[in-house]
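For reference, the structure discussed in these notes is given below.
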Amino acid sequence: MLIEQGWGSNGNGTKEGPPLNGVGISRGPLVFALHPAEKKIVTQNYSNMLPARPLAVDYEISTEDPWNYALLLSSKDGVLTGAEFDATSSEGWSLDFPFDDSGEYPFSINVVGQQLPGWGYWDGSKDTDVPPASPVNCTKAGTCVPEKAFLQLVPFGSTNIRIGVFPWIDASQEAR
């Protein structure tokens with residue numbers, strides 16, 4: 001498993017300013033992501049048009065689950081650790097269609113995170129804003145929710161809505 005640093009730009013489209021140093025987690029060729037519960041609304045149905053296509057629908061997909069987490073990772077000699085592979089598949093997963101966007105997954109990665117209330121949406125939209133620069137300093141009041149959350153990351157292709165790049169908190173610094 002690889003926890004790769006250096007993801008994210010400064011958000012202004014230039015190379016000026018510090019990189020965000022977000023992390024992405026992969027195992028072999030697979031990238032893993034947080035998959036909050038999806039709220040799907042059909043916005044267009046094509047069953048009344050010729051030719052009839054009852055399964056062809058357009059969705060608006062959103063979530064009401066928290067998604068704005070920083071991962072709690074330990075840093076030693078520039079290497080980040082703190083994620084665990086879990087070979088247990090979800091209850092509805094099937095080898096017949098191993099990677100689909102139904103939310104079912106063959107395995108996952110477990111991490112600990114803390115919610116960042118200041119990381120929200122971009123310019124009043126429902127698109128996530130640029131993640132805060134890492135490592136996040138949780139000693140500043142209001143930066144991090146104190147409670148830790150156990151997060152399950154699933155293969156990127158098993159999701160419709162996802163967070164795949166995260167800010168991170170240096171757990172080795174937080175413990176001091």
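By order in the structure tokens, chains are A, B, ...; within a chain, residues start at 1; ligands start at 1, following the order shown.
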
Counting only C-alpha atoms, which residues in stretch 29-133 of chain A sit no more than 12 Å from stretch 152-156 of chain A? For each one, give the nearest pair of atoms and the distance in Å, sorted by chain then residue number, as a tab-separated table.
```
residue	atom	partner	partner_atom	distance
A:Pro29	CA	A:Pro155	CA	10.1
A:Leu30	CA	A:Pro155	CA	6.3
A:Val31	CA	A:Phe156	CA	5.6
A:Phe32	CA	A:Pro155	CA	4.5
A:Ala33	CA	A:Leu153	CA	4.8
A:Leu34	CA	A:Leu153	CA	4.6
A:His35	CA	A:Leu153	CA	6.9
A:Pro36	CA	A:Gln152	CA	9.7
A:Trp67	CA	A:Leu153	CA	11.6
A:Tyr69	CA	A:Gln152	CA	11.8
A:Leu71	CA	A:Leu153	CA	11.1
A:Ala83	CA	A:Leu153	CA	9.6
A:Glu84	CA	A:Gln152	CA	9.7
A:Phe85	CA	A:Leu153	CA	9.5
A:Asp86	CA	A:Gln152	CA	9.2
A:Ala87	CA	A:Val154	CA	11.0
A:Thr88	CA	A:Val154	CA	11.1
A:Ser89	CA	A:Val154	CA	9.9
A:Ser90	CA	A:Val154	CA	9.9
A:Pro98	CA	A:Pro155	CA	10.4
A:Phe99	CA	A:Pro155	CA	8.0
A:Asp100	CA	A:Phe156	CA	9.6
A:Asp101	CA	A:Phe156	CA	8.8
A:Ser102	CA	A:Phe156	CA	11.5
A:Gly103	CA	A:Val154	CA	8.5
A:Glu104	CA	A:Val154	CA	8.6
A:Tyr105	CA	A:Val154	CA	6.4
A:Pro106	CA	A:Pro155	CA	8.3
A:Phe107	CA	A:Val154	CA	6.9
A:Ser108	CA	A:Val154	CA	4.7
A:Ile109	CA	A:Leu153	CA	5.0
A:Asn110	CA	A:Gln152	CA	4.7
A:Val111	CA	A:Gln152	CA	6.5
A:Val112	CA	A:Gln152	CA	8.7
A:Gly113	CA	A:Gln152	CA	10.1
```

Expected file: the selected residues, N, CA and C atoms, as a compact mmCIF listing (two decimals), in the first residue's frame:
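Saved the output as out_20.txt:
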```
# COMPACT_ATOMS: atom_id res chain seq x y z
N PRO A 29 -2.40 -1.07 -8.68
CA PRO A 29 -2.91 -0.08 -9.62
C PRO A 29 -4.19 0.62 -9.15
N LEU A 30 -4.71 0.25 -7.99
CA LEU A 30 -6.00 0.80 -7.55
C LEU A 30 -5.82 2.00 -6.64
N VAL A 31 -6.62 3.03 -6.90
CA VAL A 31 -6.68 4.22 -6.05
C VAL A 31 -7.89 4.06 -5.15
N PHE A 32 -7.77 4.48 -3.89
CA PHE A 32 -8.85 4.33 -2.92
C PHE A 32 -9.42 5.69 -2.55
N ALA A 33 -10.72 5.70 -2.22
CA ALA A 33 -11.42 6.96 -1.94
C ALA A 33 -12.47 6.77 -0.85
N LEU A 34 -12.77 7.85 -0.16
CA LEU A 34 -13.89 7.87 0.78
C LEU A 34 -15.17 7.92 -0.04
N HIS A 35 -16.13 7.09 0.32
CA HIS A 35 -17.40 7.03 -0.42
C HIS A 35 -18.54 7.36 0.52
N PRO A 36 -18.90 8.64 0.62
CA PRO A 36 -20.05 8.99 1.47
C PRO A 36 -21.34 8.43 0.87
N TRP A 67 -17.73 14.65 4.69
CA TRP A 67 -16.73 14.19 3.74
C TRP A 67 -15.39 14.91 3.93
N TYR A 69 -12.61 15.34 5.67
CA TYR A 69 -11.71 14.77 6.67
C TYR A 69 -10.25 14.96 6.27
N LEU A 71 -6.71 12.94 7.07
CA LEU A 71 -6.29 11.63 7.57
C LEU A 71 -5.22 11.81 8.64
N ALA A 83 -2.48 3.56 7.55
CA ALA A 83 -3.61 2.99 6.83
C ALA A 83 -3.47 1.47 6.84
N GLU A 84 -4.59 0.77 6.99
CA GLU A 84 -4.56 -0.69 7.05
C GLU A 84 -5.45 -1.30 5.98
N PHE A 85 -4.92 -2.27 5.25
CA PHE A 85 -5.68 -2.98 4.24
C PHE A 85 -6.64 -3.96 4.92
N ASP A 86 -7.88 -4.03 4.44
CA ASP A 86 -8.89 -4.96 4.96
C ASP A 86 -9.41 -5.79 3.78
N ALA A 87 -9.17 -7.09 3.79
CA ALA A 87 -9.55 -7.98 2.68
C ALA A 87 -11.02 -8.38 2.69
N THR A 88 -11.79 -7.87 3.65
CA THR A 88 -13.21 -8.22 3.74
C THR A 88 -14.01 -7.44 2.70
N SER A 89 -14.80 -8.18 1.90
CA SER A 89 -15.64 -7.51 0.89
C SER A 89 -16.96 -7.07 1.52
N SER A 90 -17.62 -6.13 0.86
CA SER A 90 -18.93 -5.69 1.34
C SER A 90 -19.94 -6.81 1.14
N PRO A 98 -16.97 -7.24 -10.44
CA PRO A 98 -16.17 -6.88 -9.27
C PRO A 98 -16.00 -5.39 -9.00
N PHE A 99 -16.00 -4.55 -10.05
CA PHE A 99 -15.83 -3.12 -9.84
C PHE A 99 -16.95 -2.39 -10.57
N ASP A 100 -17.94 -1.99 -9.81
CA ASP A 100 -19.01 -1.18 -10.37
C ASP A 100 -19.24 0.00 -9.44
N ASP A 101 -20.16 0.87 -9.81
CA ASP A 101 -20.38 2.07 -9.01
C ASP A 101 -21.55 1.95 -8.05
N SER A 102 -21.89 0.73 -7.67
CA SER A 102 -23.02 0.52 -6.77
C SER A 102 -22.67 0.79 -5.31
N GLY A 103 -21.40 0.95 -5.04
CA GLY A 103 -20.97 1.14 -3.66
C GLY A 103 -20.46 -0.15 -3.03
N GLU A 104 -20.61 -1.27 -3.73
CA GLU A 104 -20.08 -2.54 -3.23
C GLU A 104 -18.60 -2.62 -3.58
N TYR A 105 -17.83 -3.32 -2.77
CA TYR A 105 -16.38 -3.34 -2.97
C TYR A 105 -15.79 -4.69 -2.54
N PRO A 106 -14.68 -5.08 -3.18
CA PRO A 106 -14.06 -6.37 -2.86
C PRO A 106 -13.14 -6.32 -1.63
N PHE A 107 -12.65 -5.14 -1.29
CA PHE A 107 -11.77 -4.94 -0.14
C PHE A 107 -11.70 -3.44 0.12
N SER A 108 -11.07 -3.05 1.20
CA SER A 108 -11.03 -1.62 1.55
C SER A 108 -9.75 -1.31 2.32
N ILE A 109 -9.58 -0.05 2.62
CA ILE A 109 -8.47 0.42 3.45
C ILE A 109 -9.07 1.24 4.58
N ASN A 110 -8.65 0.96 5.79
CA ASN A 110 -9.15 1.66 6.97
C ASN A 110 -8.14 2.69 7.44
N VAL A 111 -8.62 3.88 7.73
CA VAL A 111 -7.79 4.98 8.22
C VAL A 111 -8.56 5.72 9.32
N VAL A 112 -7.85 6.54 10.05
CA VAL A 112 -8.47 7.39 11.06
C VAL A 112 -8.37 8.82 10.55
N GLY A 113 -9.43 9.59 10.75
CA GLY A 113 -9.43 10.96 10.30
C GLY A 113 -10.08 11.89 11.30
```

Fewer than 3 positions away in the same chain doesn't count, so skip those; otherwise give me all residues within 8 Å of stretch 144-147 of chain A, counting only C-alpha atoms, as a list of chain:residue names. A:Gln114, A:Gln115, A:Leu116, A:Pro117, A:Cys138, A:Ala141

Got time to write the residues from that selection, C-alpha atoms, as a CSV table (one decimal), in the first residue's frame?
```csv
chain,number,residue,atom,x,y,z
A,114,GLN,CA,-10.6,14.2,11.8
A,115,GLN,CA,-13.2,16.4,10.3
A,116,LEU,CA,-12.1,19.9,9.1
A,117,PRO,CA,-15.0,22.3,9.4
A,138,CYS,CA,-5.0,21.0,14.7
A,141,ALA,CA,-8.9,26.5,17.6
```

Which residue gives the smallest distance to A:Ser62 among A:Lys40, A:Asp96, A:Trp168, A:Arg162, with only C-alpha atoms counted? A:Lys40

Long-range neighbours of A:Tyr46 as a ChimeraX atom specification, 7 Å cut-off, only C-alpha atoms, 4 positions minimum in chain: /A:52-54,56-57

As a count of residues only, which residues of chain A does DSSP assign to strand (DSSP E or B)? 67

Which residues, written as a PyMOL selection string, have at least one atom at most 9 Å from A:Ser74, with only C-alpha atoms counted and residues fewer than 4 positions away on the same chain left out? chain A and resi 79-82+169-173

Could you save those same residues with N, CA and C atoms as a PDB file, in the first residue's frame?
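Ended up saving to out-v7.pdb:
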```pdb
ATOM      1  N   VAL A  79       8.233   9.212   5.423  1.00  0.00           N
ATOM      2  CA  VAL A  79       7.310   8.152   5.004  1.00  0.00           C
ATOM      3  C   VAL A  79       6.078   8.203   5.893  1.00  0.00           C
ATOM      4  N   LEU A  80       4.905   8.202   5.259  1.00  0.00           N
ATOM      5  CA  LEU A  80       3.654   8.248   6.009  1.00  0.00           C
ATOM      6  C   LEU A  80       3.095   6.838   6.203  1.00  0.00           C
ATOM      7  N   THR A  81       2.599   6.585   7.407  1.00  0.00           N
ATOM      8  CA  THR A  81       1.953   5.311   7.719  1.00  0.00           C
ATOM      9  C   THR A  81       0.656   5.604   8.461  1.00  0.00           C
ATOM     10  N   GLY A  82      -0.186   4.596   8.592  1.00  0.00           N
ATOM     11  CA  GLY A  82      -1.413   4.774   9.363  1.00  0.00           C
ATOM     12  C   GLY A  82      -2.650   4.267   8.653  1.00  0.00           C
ATOM     13  N   ILE A 169      -2.974  15.002   8.806  1.00  0.00           N
ATOM     14  CA  ILE A 169      -2.497  15.493  10.101  1.00  0.00           C
ATOM     15  C   ILE A 169      -1.361  14.594  10.510  1.00  0.00           C
ATOM     16  N   ASP A 170      -0.257  15.171  10.930  1.00  0.00           N
ATOM     17  CA  ASP A 170       0.892  14.380  11.354  1.00  0.00           C
ATOM     18  C   ASP A 170       0.639  13.875  12.769  1.00  0.00           C
ATOM     19  N   ALA A 171       0.223  12.629  12.911  1.00  0.00           N
ATOM     20  CA  ALA A 171      -0.092  12.041  14.215  1.00  0.00           C
ATOM     21  C   ALA A 171       1.124  12.008  15.131  1.00  0.00           C
ATOM     22  N   SER A 172       2.320  11.902  14.560  1.00  0.00           N
ATOM     23  CA  SER A 172       3.511  11.892  15.404  1.00  0.00           C
ATOM     24  C   SER A 172       3.753  13.254  16.030  1.00  0.00           C
ATOM     25  N   GLN A 173       3.307  14.345  15.381  1.00  0.00           N
ATOM     26  CA  GLN A 173       3.415  15.684  15.955  1.00  0.00           C
ATOM     27  C   GLN A 173       2.286  15.942  16.948  1.00  0.00           C
TER      28      GLN A 173
END
```

Closest of A:Gly24, A:Gly118, A:Gly164, A:Gly157 to A:Phe97 - atom-to-atom distances counting only C-alpha atoms: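 Of A:Gly24, A:Gly118, A:Gly164, A:Gly157, the one nearest A:Phe97 is A:Gly157, counting only C-alpha atoms.
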
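The gap separating atom CA of A:Thr43 from atom CA of A:Glu91 is 29.3 Å, in Å to one decimal.
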
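Atom CA of A:Tyr121 sits 12.1 Å away from atom CA of A:Pro66.
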
DSSP-assigned helix (DSSP H, G or I) among chain A, expressed as an NGL selection string: :A and (156-158 or 171-174)

List as an MDAnalysis selection string the protein and nucleic acid residues near A:Leu55, meaning an atom at most 12 Å away when only C-alpha atoms are counted, but skip any in the same chain fewer than 5 places from it. chainID A and resid 42 44:48
